[in-house]
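Q: Input work-v4.tsv, format and content: TSV, N, CA and C atoms.
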```tsv
chain	number	residue	atom	x	y	z
W	15	MET	N	72.18	-102.59	-10.24
W	15	MET	CA	72.40	-104.00	-10.14
W	15	MET	C	71.28	-104.73	-10.88
W	16	ILE	N	71.64	-105.70	-11.63
W	16	ILE	CA	70.67	-106.52	-12.35
W	16	ILE	C	70.66	-107.91	-11.73
W	17	TRP	N	69.47	-108.34	-11.32
W	17	TRP	CA	69.34	-109.66	-10.69
W	17	TRP	C	69.22	-110.74	-11.76
W	18	THR	N	69.71	-111.91	-11.40
W	18	THR	CA	69.54	-113.07	-12.27
W	18	THR	C	68.13	-113.61	-12.09
W	19	ALA	N	67.73	-114.49	-12.99
W	19	ALA	CA	66.40	-115.13	-12.86
W	19	ALA	C	66.31	-115.90	-11.55
W	20	GLU	N	67.40	-116.52	-11.12
W	20	GLU	CA	67.41	-117.26	-9.86
W	20	GLU	C	67.20	-116.33	-8.67
W	21	GLN	N	67.86	-115.17	-8.67
W	21	GLN	CA	67.71	-114.21	-7.58
W	21	GLN	C	66.26	-113.67	-7.53
W	22	ILE	N	65.69	-113.41	-8.68
W	22	ILE	CA	64.31	-112.93	-8.73
W	22	ILE	C	63.37	-113.99	-8.17
W	23	ALA	N	63.58	-115.25	-8.55
W	23	ALA	CA	62.73	-116.34	-8.05
W	23	ALA	C	62.86	-116.47	-6.54
W	24	LYS	N	64.07	-116.37	-6.02
W	24	LYS	CA	64.27	-116.46	-4.56
W	24	LYS	C	63.62	-115.28	-3.85
W	25	HIS	N	63.72	-114.09	-4.44
W	25	HIS	CA	63.09	-112.91	-3.86
W	25	HIS	C	61.57	-113.10	-3.81
W	26	ARG	N	60.99	-113.57	-4.89
W	26	ARG	CA	59.54	-113.80	-4.93
W	26	ARG	C	59.12	-114.85	-3.91
W	27	GLU	N	59.95	-115.88	-3.73
W	27	GLU	CA	59.64	-116.92	-2.74
W	27	GLU	C	59.56	-116.32	-1.35
W	28	VAL	N	60.54	-115.49	-1.01
W	28	VAL	CA	60.55	-114.86	0.32
W	28	VAL	C	59.38	-113.87	0.44
W	29	ALA	N	59.12	-113.09	-0.59
W	29	ALA	CA	58.01	-112.12	-0.54
W	29	ALA	C	56.67	-112.83	-0.36
W	30	ASP	N	56.48	-113.95	-1.06
W	30	ASP	CA	55.23	-114.71	-0.90
W	30	ASP	C	55.07	-115.23	0.52
W	31	LEU	N	56.16	-115.69	1.12
W	31	LEU	CA	56.09	-116.19	2.50
W	31	LEU	C	55.86	-115.03	3.48
W	32	LEU	N	56.44	-113.87	3.21
W	32	LEU	CA	56.17	-112.71	4.06
W	32	LEU	C	54.70	-112.33	3.99
W	33	GLU	N	54.12	-112.40	2.81
W	33	GLU	CA	52.69	-112.11	2.69
W	33	GLU	C	51.87	-113.12	3.49
W	34	MET	N	52.30	-114.37	3.48
W	34	MET	CA	51.62	-115.40	4.28
W	34	MET	C	51.73	-115.07	5.77
W	35	ILE	N	52.90	-114.60	6.19
W	35	ILE	CA	53.09	-114.21	7.59
W	35	ILE	C	52.14	-113.07	7.95
W	36	VAL	N	51.98	-112.11	7.07
W	36	VAL	CA	51.06	-111.00	7.34
W	36	VAL	C	49.64	-111.53	7.50
W	37	GLN	N	49.21	-112.42	6.62
W	37	GLN	CA	47.86	-112.98	6.73
W	37	GLN	C	47.70	-113.77	8.03
W	38	GLU	N	48.71	-114.55	8.40
W	38	GLU	CA	48.67	-115.29	9.67
W	38	GLU	C	48.65	-114.33	10.85
W	39	THR	N	49.32	-113.20	10.71
W	39	THR	CA	49.34	-112.19	11.77
W	39	THR	C	47.96	-111.58	11.94
W	40	PHE	N	47.28	-111.29	10.84
W	40	PHE	CA	45.92	-110.75	10.95
W	40	PHE	C	44.99	-111.79	11.59
W	41	SER	N	45.17	-113.05	11.30
W	41	SER	CA	44.38	-114.10	11.95
W	41	SER	C	44.67	-114.15	13.45
W	42	PHE	N	45.95	-114.02	13.81
W	42	PHE	CA	46.36	-113.97	15.22
W	42	PHE	C	45.66	-112.80	15.93
W	43	ILE	N	45.69	-111.63	15.30
W	43	ILE	CA	45.07	-110.44	15.88
W	43	ILE	C	43.57	-110.67	16.09
W	44	ALA	N	42.92	-111.29	15.11
W	44	ALA	CA	41.46	-111.49	15.18
W	44	ALA	C	41.04	-112.44	16.29
W	45	LYS	N	41.88	-113.40	16.64
W	45	LYS	CA	41.45	-114.40	17.63
W	45	LYS	C	41.89	-114.09	19.06
W	46	GLU	N	42.86	-113.22	19.23
W	46	GLU	CA	43.36	-112.92	20.58
W	46	GLU	C	42.44	-111.93	21.28
W	47	LYS	N	42.32	-112.07	22.60
W	47	LYS	CA	41.48	-111.16	23.37
W	47	LYS	C	42.20	-109.83	23.65
W	48	ILE	N	43.47	-109.91	23.99
W	48	ILE	CA	44.27	-108.71	24.24
W	48	ILE	C	45.43	-108.73	23.26
W	49	VAL	N	45.52	-107.67	22.45
W	49	VAL	CA	46.56	-107.58	21.43
W	49	VAL	C	47.31	-106.28	21.64
W	50	THR	N	48.62	-106.38	21.74
W	50	THR	CA	49.47	-105.19	21.84
W	50	THR	C	50.43	-105.19	20.65
W	51	GLU	N	51.03	-104.03	20.42
W	51	GLU	CA	52.05	-103.95	19.37
W	51	GLU	C	53.13	-105.00	19.63
W	52	LYS	N	53.51	-105.16	20.88
W	52	LYS	CA	54.58	-106.10	21.23
W	52	LYS	C	54.16	-107.55	21.01
W	53	SER	N	52.92	-107.91	21.35
W	53	SER	CA	52.49	-109.30	21.16
W	53	SER	C	52.45	-109.65	19.67
W	54	VAL	N	52.07	-108.69	18.84
W	54	VAL	CA	52.05	-108.93	17.40
W	54	VAL	C	53.49	-109.07	16.87
W	55	GLN	N	54.37	-108.21	17.35
W	55	GLN	CA	55.78	-108.30	16.93
W	55	GLN	C	56.38	-109.65	17.32
W	56	LYS	N	56.10	-110.12	18.52
W	56	LYS	CA	56.60	-111.43	18.96
W	56	LYS	C	56.05	-112.55	18.09
W	57	PHE	N	54.77	-112.45	17.70
W	57	PHE	CA	54.17	-113.45	16.83
W	57	PHE	C	54.91	-113.48	15.49
W	58	ILE	N	55.19	-112.32	14.93
W	58	ILE	CA	55.91	-112.25	13.65
W	58	ILE	C	57.29	-112.86	13.78
W	59	LEU	N	57.99	-112.57	14.85
W	59	LEU	CA	59.33	-113.15	15.06
W	59	LEU	C	59.26	-114.67	15.19
W	60	MET	N	58.19	-115.18	15.82
W	60	MET	CA	57.99	-116.62	15.91
W	60	MET	C	57.80	-117.20	14.50
W	61	LYS	N	57.07	-116.51	13.65
W	61	LYS	CA	56.87	-116.95	12.27
W	61	LYS	C	58.18	-116.90	11.48
W	62	TYR	N	59.01	-115.88	11.73
W	62	TYR	CA	60.34	-115.83	11.09
W	62	TYR	C	61.10	-117.13	11.40
W	63	ALA	N	61.10	-117.52	12.66
W	63	ALA	CA	61.81	-118.74	13.07
W	63	ALA	C	61.19	-119.97	12.40
W	64	GLU	N	59.87	-120.01	12.35
W	64	GLU	CA	59.17	-121.14	11.75
W	64	GLU	C	59.50	-121.29	10.25
W	65	TYR	N	59.62	-120.17	9.55
W	65	TYR	CA	59.89	-120.19	8.11
W	65	TYR	C	61.39	-120.17	7.78
W	66	GLY	N	62.24	-120.13	8.80
W	66	GLY	CA	63.68	-120.12	8.55
W	66	GLY	C	64.17	-118.78	8.03
W	67	PHE	N	63.58	-117.69	8.51
W	67	PHE	CA	63.96	-116.35	8.09
W	67	PHE	C	64.87	-115.70	9.12
W	68	LYS	N	65.60	-114.70	8.65
W	68	LYS	CA	66.38	-113.86	9.55
W	68	LYS	C	66.35	-112.44	9.04
W	69	SER	N	66.60	-111.52	9.94
W	69	SER	CA	66.71	-110.12	9.58
W	69	SER	C	67.70	-109.46	10.52
W	70	CYS	N	68.76	-108.95	9.97
W	70	CYS	CA	69.74	-108.25	10.80
W	70	CYS	C	69.55	-106.73	10.68
W	71	LEU	N	68.39	-106.34	10.15
W	71	LEU	CA	68.12	-104.92	9.92
W	71	LEU	C	67.08	-104.37	10.88
W	72	GLY	N	67.01	-104.89	12.10
W	72	GLY	CA	66.06	-104.40	13.08
W	72	GLY	C	64.83	-105.27	13.19
W	73	LEU	N	64.00	-104.94	14.16
W	73	LEU	CA	62.78	-105.71	14.43
W	73	LEU	C	61.66	-105.31	13.48
W	74	PRO	N	60.72	-106.22	13.23
W	74	PRO	CA	59.56	-105.86	12.43
W	74	PRO	C	58.82	-104.69	13.08
W	75	ILE	N	58.22	-103.86	12.25
W	75	ILE	CA	57.48	-102.71	12.77
W	75	ILE	C	56.00	-103.07	12.88
W	76	VAL	N	55.47	-102.91	14.08
W	76	VAL	CA	54.05	-103.05	14.35
W	76	VAL	C	53.64	-101.75	15.04
W	77	ALA	N	52.74	-101.02	14.42
W	77	ALA	CA	52.37	-99.71	14.95
W	77	ALA	C	50.86	-99.52	14.88
W	78	PHE	N	50.28	-99.07	15.99
W	78	PHE	CA	48.86	-98.80	16.06
W	78	PHE	C	48.63	-97.29	16.05
W	79	ASN	N	47.58	-96.89	15.36
W	79	ASN	CA	47.12	-95.49	15.31
W	79	ASN	C	48.25	-94.50	15.05
W	80	GLU	N	48.44	-93.53	15.95
W	80	GLU	CA	49.41	-92.46	15.71
W	80	GLU	C	50.84	-92.97	15.56
W	81	HIS	N	51.14	-94.13	16.14
W	81	HIS	CA	52.49	-94.69	15.98
W	81	HIS	C	52.79	-95.04	14.52
W	82	SER	N	51.75	-95.29	13.74
W	82	SER	CA	51.96	-95.66	12.34
W	82	SER	C	52.51	-94.50	11.50
W	83	ALA	N	52.44	-93.30	12.03
W	83	ALA	CA	52.96	-92.13	11.33
W	83	ALA	C	54.42	-91.86	11.64
W	84	VAL	N	55.01	-92.65	12.52
W	84	VAL	CA	56.40	-92.46	12.93
W	84	VAL	C	57.29	-93.36	12.07
W	85	PRO	N	58.14	-92.77	11.21
W	85	PRO	CA	59.02	-93.60	10.39
W	85	PRO	C	59.92	-94.47	11.27
W	86	HIS	N	60.04	-95.72	10.94
W	86	HIS	CA	60.90	-96.67	11.67
W	86	HIS	C	60.54	-96.74	13.15
W	87	TYR	N	59.25	-96.70	13.44
W	87	TYR	CA	58.74	-96.75	14.81
W	87	TYR	C	59.30	-97.96	15.56
W	88	ALA	N	59.74	-97.72	16.78
W	88	ALA	CA	60.19	-98.79	17.67
W	88	ALA	C	59.27	-98.81	18.89
W	89	ILE	N	58.80	-99.98	19.24
W	89	ILE	CA	57.88	-100.12	20.36
W	89	ILE	C	58.58	-99.73	21.65
W	90	GLY	N	57.94	-98.86	22.41
W	90	GLY	CA	58.51	-98.39	23.66
W	90	GLY	C	58.15	-99.28	24.84
W	91	LYS	N	58.32	-98.74	26.04
W	91	LYS	CA	58.05	-99.49	27.26
W	91	LYS	C	56.56	-99.76	27.47
W	92	LYS	N	55.71	-98.93	26.89
W	92	LYS	CA	54.26	-99.11	27.00
W	92	LYS	C	53.67	-99.27	25.60
W	93	PRO	N	53.71	-100.51	25.07
W	93	PRO	CA	53.15	-100.71	23.72
W	93	PRO	C	51.65	-100.45	23.70
W	94	ALA	N	51.19	-99.91	22.59
W	94	ALA	CA	49.77	-99.63	22.44
W	94	ALA	C	48.98	-100.94	22.40
W	95	THR	N	47.74	-100.88	22.89
W	95	THR	CA	46.83	-102.02	22.88
W	95	THR	C	45.78	-101.79	21.80
W	96	LEU	N	45.47	-102.86	21.09
W	96	LEU	CA	44.46	-102.78	20.03
W	96	LEU	C	43.09	-102.58	20.64
W	97	LYS	N	42.39	-101.58	20.14
W	97	LYS	CA	41.03	-101.26	20.58
W	97	LYS	C	40.18	-101.10	19.33
W	98	PRO	N	38.87	-101.02	19.48
W	98	PRO	CA	38.04	-100.75	18.30
W	98	PRO	C	38.47	-99.44	17.63
W	99	ASN	N	38.35	-99.41	16.32
W	99	ASN	CA	38.68	-98.22	15.53
W	99	ASN	C	40.17	-97.89	15.58
W	100	THR	N	40.99	-98.91	15.37
W	100	THR	CA	42.44	-98.75	15.41
W	100	THR	C	43.05	-99.05	14.04
W	101	LEU	N	43.93	-98.16	13.59
W	101	LEU	CA	44.72	-98.40	12.40
W	101	LEU	C	45.90	-99.28	12.80
W	102	VAL	N	46.19	-100.30	12.00
W	102	VAL	CA	47.29	-101.22	12.27
W	102	VAL	C	48.26	-101.18	11.09
W	103	LEU	N	49.52	-100.93	11.37
W	103	LEU	CA	50.56	-100.97	10.34
W	103	LEU	C	51.53	-102.10	10.68
W	104	ILE	N	51.82	-102.93	9.69
W	104	ILE	CA	52.82	-104.00	9.84
W	104	ILE	C	53.82	-103.84	8.71
W	105	ALA	N	55.09	-103.67	9.05
W	105	ALA	CA	56.17	-103.59	8.07
W	105	ALA	C	57.19	-104.66	8.43
W	106	ILE	N	57.36	-105.62	7.53
W	106	ILE	CA	58.28	-106.72	7.81
W	106	ILE	C	59.24	-106.91	6.64
W	107	TRP	N	60.43	-107.35	6.96
W	107	TRP	CA	61.45	-107.62	5.96
W	107	TRP	C	62.31	-108.75	6.51
W	108	ALA	N	62.73	-109.61	5.63
W	108	ALA	CA	63.55	-110.74	6.06
W	108	ALA	C	64.15	-111.41	4.83
W	109	ARG	N	65.02	-112.34	5.10
W	109	ARG	CA	65.56	-113.19	4.06
W	109	ARG	C	65.66	-114.59	4.61
W	110	SER	N	65.69	-115.54	3.72
W	110	SER	CA	65.84	-116.93	4.13
W	110	SER	C	67.24	-117.13	4.68
W	111	LYS	N	67.38	-118.05	5.63
W	111	LYS	CA	68.71	-118.41	6.14
W	111	LYS	C	69.49	-119.23	5.12
W	112	LYS	N	68.81	-119.67	4.07
W	112	LYS	CA	69.49	-120.42	3.01
W	112	LYS	C	70.48	-119.50	2.30
W	113	THR	N	71.49	-120.07	1.72
W	113	THR	CA	72.54	-119.31	1.05
W	113	THR	C	72.00	-118.55	-0.17
W	114	ASN	N	72.48	-117.32	-0.32
W	114	ASN	CA	72.22	-116.48	-1.49
W	114	ASN	C	70.76	-116.08	-1.69
W	115	TYR	N	70.02	-115.93	-0.61
W	115	TYR	CA	68.66	-115.42	-0.71
W	115	TYR	C	68.65	-113.93	-0.40
W	116	PRO	N	68.02	-113.12	-1.26
W	116	PRO	CA	67.95	-111.69	-0.99
W	116	PRO	C	66.81	-111.37	-0.01
W	117	TYR	N	66.85	-110.17	0.51
W	117	TYR	CA	65.78	-109.68	1.37
W	117	TYR	C	64.52	-109.40	0.55
W	118	ALA	N	63.39	-109.52	1.20
W	118	ALA	CA	62.12	-109.03	0.67
W	118	ALA	C	61.50	-108.17	1.77
W	119	ASP	N	60.64	-107.26	1.37
W	119	ASP	CA	60.07	-106.29	2.29
W	119	ASP	C	58.60	-106.11	1.92
W	120	ILE	N	57.75	-106.07	2.94
W	120	ILE	CA	56.32	-105.89	2.67
W	120	ILE	C	55.72	-105.04	3.80
W	121	THR	N	54.85	-104.12	3.44
W	121	THR	CA	54.16	-103.28	4.42
W	121	THR	C	52.67	-103.33	4.14
W	122	TRP	N	51.90	-103.56	5.19
W	122	TRP	CA	50.45	-103.62	5.08
W	122	TRP	C	49.83	-102.75	6.16
W	123	THR	N	48.67	-102.21	5.86
W	123	THR	CA	47.88	-101.54	6.88
W	123	THR	C	46.50	-102.19	6.90
W	124	ALA	N	45.88	-102.11	8.06
W	124	ALA	CA	44.53	-102.64	8.23
W	124	ALA	C	43.83	-101.74	9.24
W	125	TYR	N	42.53	-101.94	9.33
W	125	TYR	CA	41.74	-101.15	10.26
W	125	TYR	C	40.88	-102.07	11.09
W	126	GLN	N	40.97	-101.95	12.40
W	126	GLN	CA	40.14	-102.73	13.33
W	126	GLN	C	38.93	-101.90	13.68
W	127	GLY	N	37.86	-102.12	12.96
W	127	GLY	CA	36.65	-101.36	13.19
W	127	GLY	C	35.63	-101.67	12.13
W	128	THR	N	34.48	-101.08	12.24
W	128	THR	CA	33.41	-101.37	11.26
W	128	THR	C	33.32	-100.34	10.16
W	129	THR	N	33.66	-99.09	10.44
W	129	THR	CA	33.58	-98.03	9.46
W	129	THR	C	34.85	-97.21	9.46
W	130	LEU	N	35.47	-97.08	8.29
W	130	LEU	CA	36.66	-96.26	8.19
W	130	LEU	C	36.32	-94.80	8.39
W	131	PRO	N	37.10	-94.11	9.23
W	131	PRO	CA	36.85	-92.67	9.36
W	131	PRO	C	37.36	-91.97	8.10
W	132	ILE	N	36.57	-91.06	7.59
W	132	ILE	CA	36.96	-90.35	6.38
W	132	ILE	C	36.98	-88.86	6.72
W	133	THR	N	38.12	-88.25	6.45
W	133	THR	CA	38.24	-86.80	6.64
W	133	THR	C	38.66	-86.18	5.33
W	134	ILE	N	38.05	-85.06	5.02
W	134	ILE	CA	38.38	-84.38	3.76
W	134	ILE	C	38.86	-82.99	4.07
```
Do you think you could lay out the structure here as structure tokens?

A:
Amino acid sequence: MIWTAEQIAKHREVADLLEMIVQETFSFIAKEKIVTEKSVQKFILMKYAEYGFKSCLGLPIVAFNEHSAVPHYAIGKKPATLKPNTLVLIAIWARSKKTNYPYADITWTAYQGTTLPITI
């Protein structure tokens, strides 16, 4: 499939806003006292509503530490809590509710700690 210039522009618009959501999510994580995978996911969904986004392809993925290694991880009944030295994975995808907007997808990882563990 070959996208038109208009489709590419709409895709970039959504991708740029998703990146903004990720940055806002990292700010949310930094200021909250207790952060769980679920609280971060709820924050992202609130941002989807604020930006007029929708996703019918499942919930955003928020995974801490070992959960980040699980493809298409779904938060269970006991979501992990952010602690020092935690790997954070955020995978989000959405499209604008406006007509003819394609999906965009972005995945970021971050580390909550002072020194990255290095294993060779």

Q: Separation of atom C of W:Trp107 and atom CA of W:Arg26, in Å?

A: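 Interatomic distance, atom C of W:Trp107 to atom CA of W:Arg26: 12.8 Å.
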
Q: Report, in Å to a single decimal, how far apart atom CA of W:Ala105 and atom CA of W:Ile75 are.

A: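 These atoms are spaced 5.0 Å apart.
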
Q: So, counting only N, CA and C atoms, which residue among W:Ile132, W:Ala29, W:Ile35, W:Pro74 is closest to W:Ile106?

A: W:Pro74

Q: Give the answer as one residue: which of W:Leu103, W:Ala77, W:Val28, W:Ala108 has the shortest atom-to-atom distance to W:Thr50, using only C-alpha atoms?

A: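 Answer, going by the shortest atom-to-atom distance: W:Ala77.
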
Q: Any idea what's packed within 6.5 Å of W:Ala124, counting all atoms listed in the file, ignoring anything in its chain fewer than 3 positions away? Could you give it as an MDAnalysis selection string?

A: chainID W and resid 100:104

Q: As a ChimeraX atom specification, please: every residue in chain W that DSSP puts in alpha helix (DSSP H).

A: /W:19-45,51-65

Q: Out of W:Glu33, W:Ser82, W:Lys111, W:Ser41, which residue has the shortest atom-to-atom distance to W:Ser69 when counting only N, CA and C atoms?

A: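 Ranked by minimum distance to W:Ser69, first place goes to W:Lys111.
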
Q: So which one's closest to W:Ala94, W:Cys70, W:Ile58, W:Val49, W:Ala118? Using all atoms listed in the file, please.

A: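 Of all the options, W:Val49 lies closest to W:Ala94.
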
Q: Mind pulling up the distance from atom CA of W:Pro98 to atom CA of W:Val36?

A: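 Taking atom CA of W:Val36 and atom CA of W:Pro98, their separation equals 19.9 Å.
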
Q: Using only N, CA and C atoms, which protein or nucleic acid residues come within 8 Å of W:Gln21? Drop anything in the same chain fewer than 5 positions from it, and give the result as a VMD selection string.

A: chain W and resid 26 to 27 114 to 116

Q: Leaving out W:Asn99 and any residue of its chain fewer than 5 positions from it, which residues lie within 7 Å of it when counting all atoms listed in the file, given as a list in words?

A: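 The filter keeps Tyr125, Gln126, Gly127 and Thr128 of chain W.
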
Q: Counting only C-alpha atoms, which of W:Lys112, W:Phe78, W:Glu20, W:Lys52 gets nearest to W:Lys91?

A: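 Smallest separation from W:Lys91 among the options: W:Lys52.
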
Q: Need the shell around W:Ile48: protein/DNA/RNA residues with any atom at most 8 Å away, counting all atoms listed in the file. Skip same-chain ones fewer than 4 positions apart. Format as a list of chain:residue names?

A: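 Counting all atoms listed in the file, the residues come to W:Ile43, W:Ser53, W:Val54, W:Thr95, W:Leu96.
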
Q: Go ahead and save the residues from that selection, with N, CA and C atoms, as a PDB file, in the coordinates of the input.

A:
```
ATOM      1  N   ILE W  43      45.690-111.630  15.300  1.00  0.00           N
ATOM      2  CA  ILE W  43      45.070-110.440  15.880  1.00  0.00           C
ATOM      3  C   ILE W  43      43.570-110.670  16.090  1.00  0.00           C
ATOM      4  N   SER W  53      52.920-107.910  21.350  1.00  0.00           N
ATOM      5  CA  SER W  53      52.490-109.300  21.160  1.00  0.00           C
ATOM      6  C   SER W  53      52.450-109.650  19.670  1.00  0.00           C
ATOM      7  N   VAL W  54      52.070-108.690  18.840  1.00  0.00           N
ATOM      8  CA  VAL W  54      52.050-108.930  17.400  1.00  0.00           C
ATOM      9  C   VAL W  54      53.490-109.070  16.870  1.00  0.00           C
ATOM     10  N   THR W  95      47.740-100.880  22.890  1.00  0.00           N
ATOM     11  CA  THR W  95      46.830-102.020  22.880  1.00  0.00           C
ATOM     12  C   THR W  95      45.780-101.790  21.800  1.00  0.00           C
ATOM     13  N   LEU W  96      45.470-102.860  21.090  1.00  0.00           N
ATOM     14  CA  LEU W  96      44.460-102.780  20.030  1.00  0.00           C
ATOM     15  C   LEU W  96      43.090-102.580  20.640  1.00  0.00           C
TER      16      LEU W  96
END
```

Q: Determine which residues of stretch 84-126 of chain W DSSP labels as strand (DSSP E or B) from the backbone of this structure, then write them out as a ChimeraX atom specification.

A: /W:95,100-110,118-126

Q: With 3 Å on each side, where is the centre of the axis-aligned box around all listed atoms of stretch 97-107 of chain W, and how long are its edges in Å to one decimal, as lines of an AutoDock Vina configuration file?

A:
```
center_x = 50.2
center_y = -103.3
center_z = 13.3
size_x = 30.3
size_y = 16.9
size_z = 20.6
```

Q: Let me make sure I understand: among W:Thr113, W:Thr129, W:Asn79, W:Thr39, which one has the smallest atom-to-atom distance to W:Lys24 if we use only C-alpha atoms?

A: W:Thr113
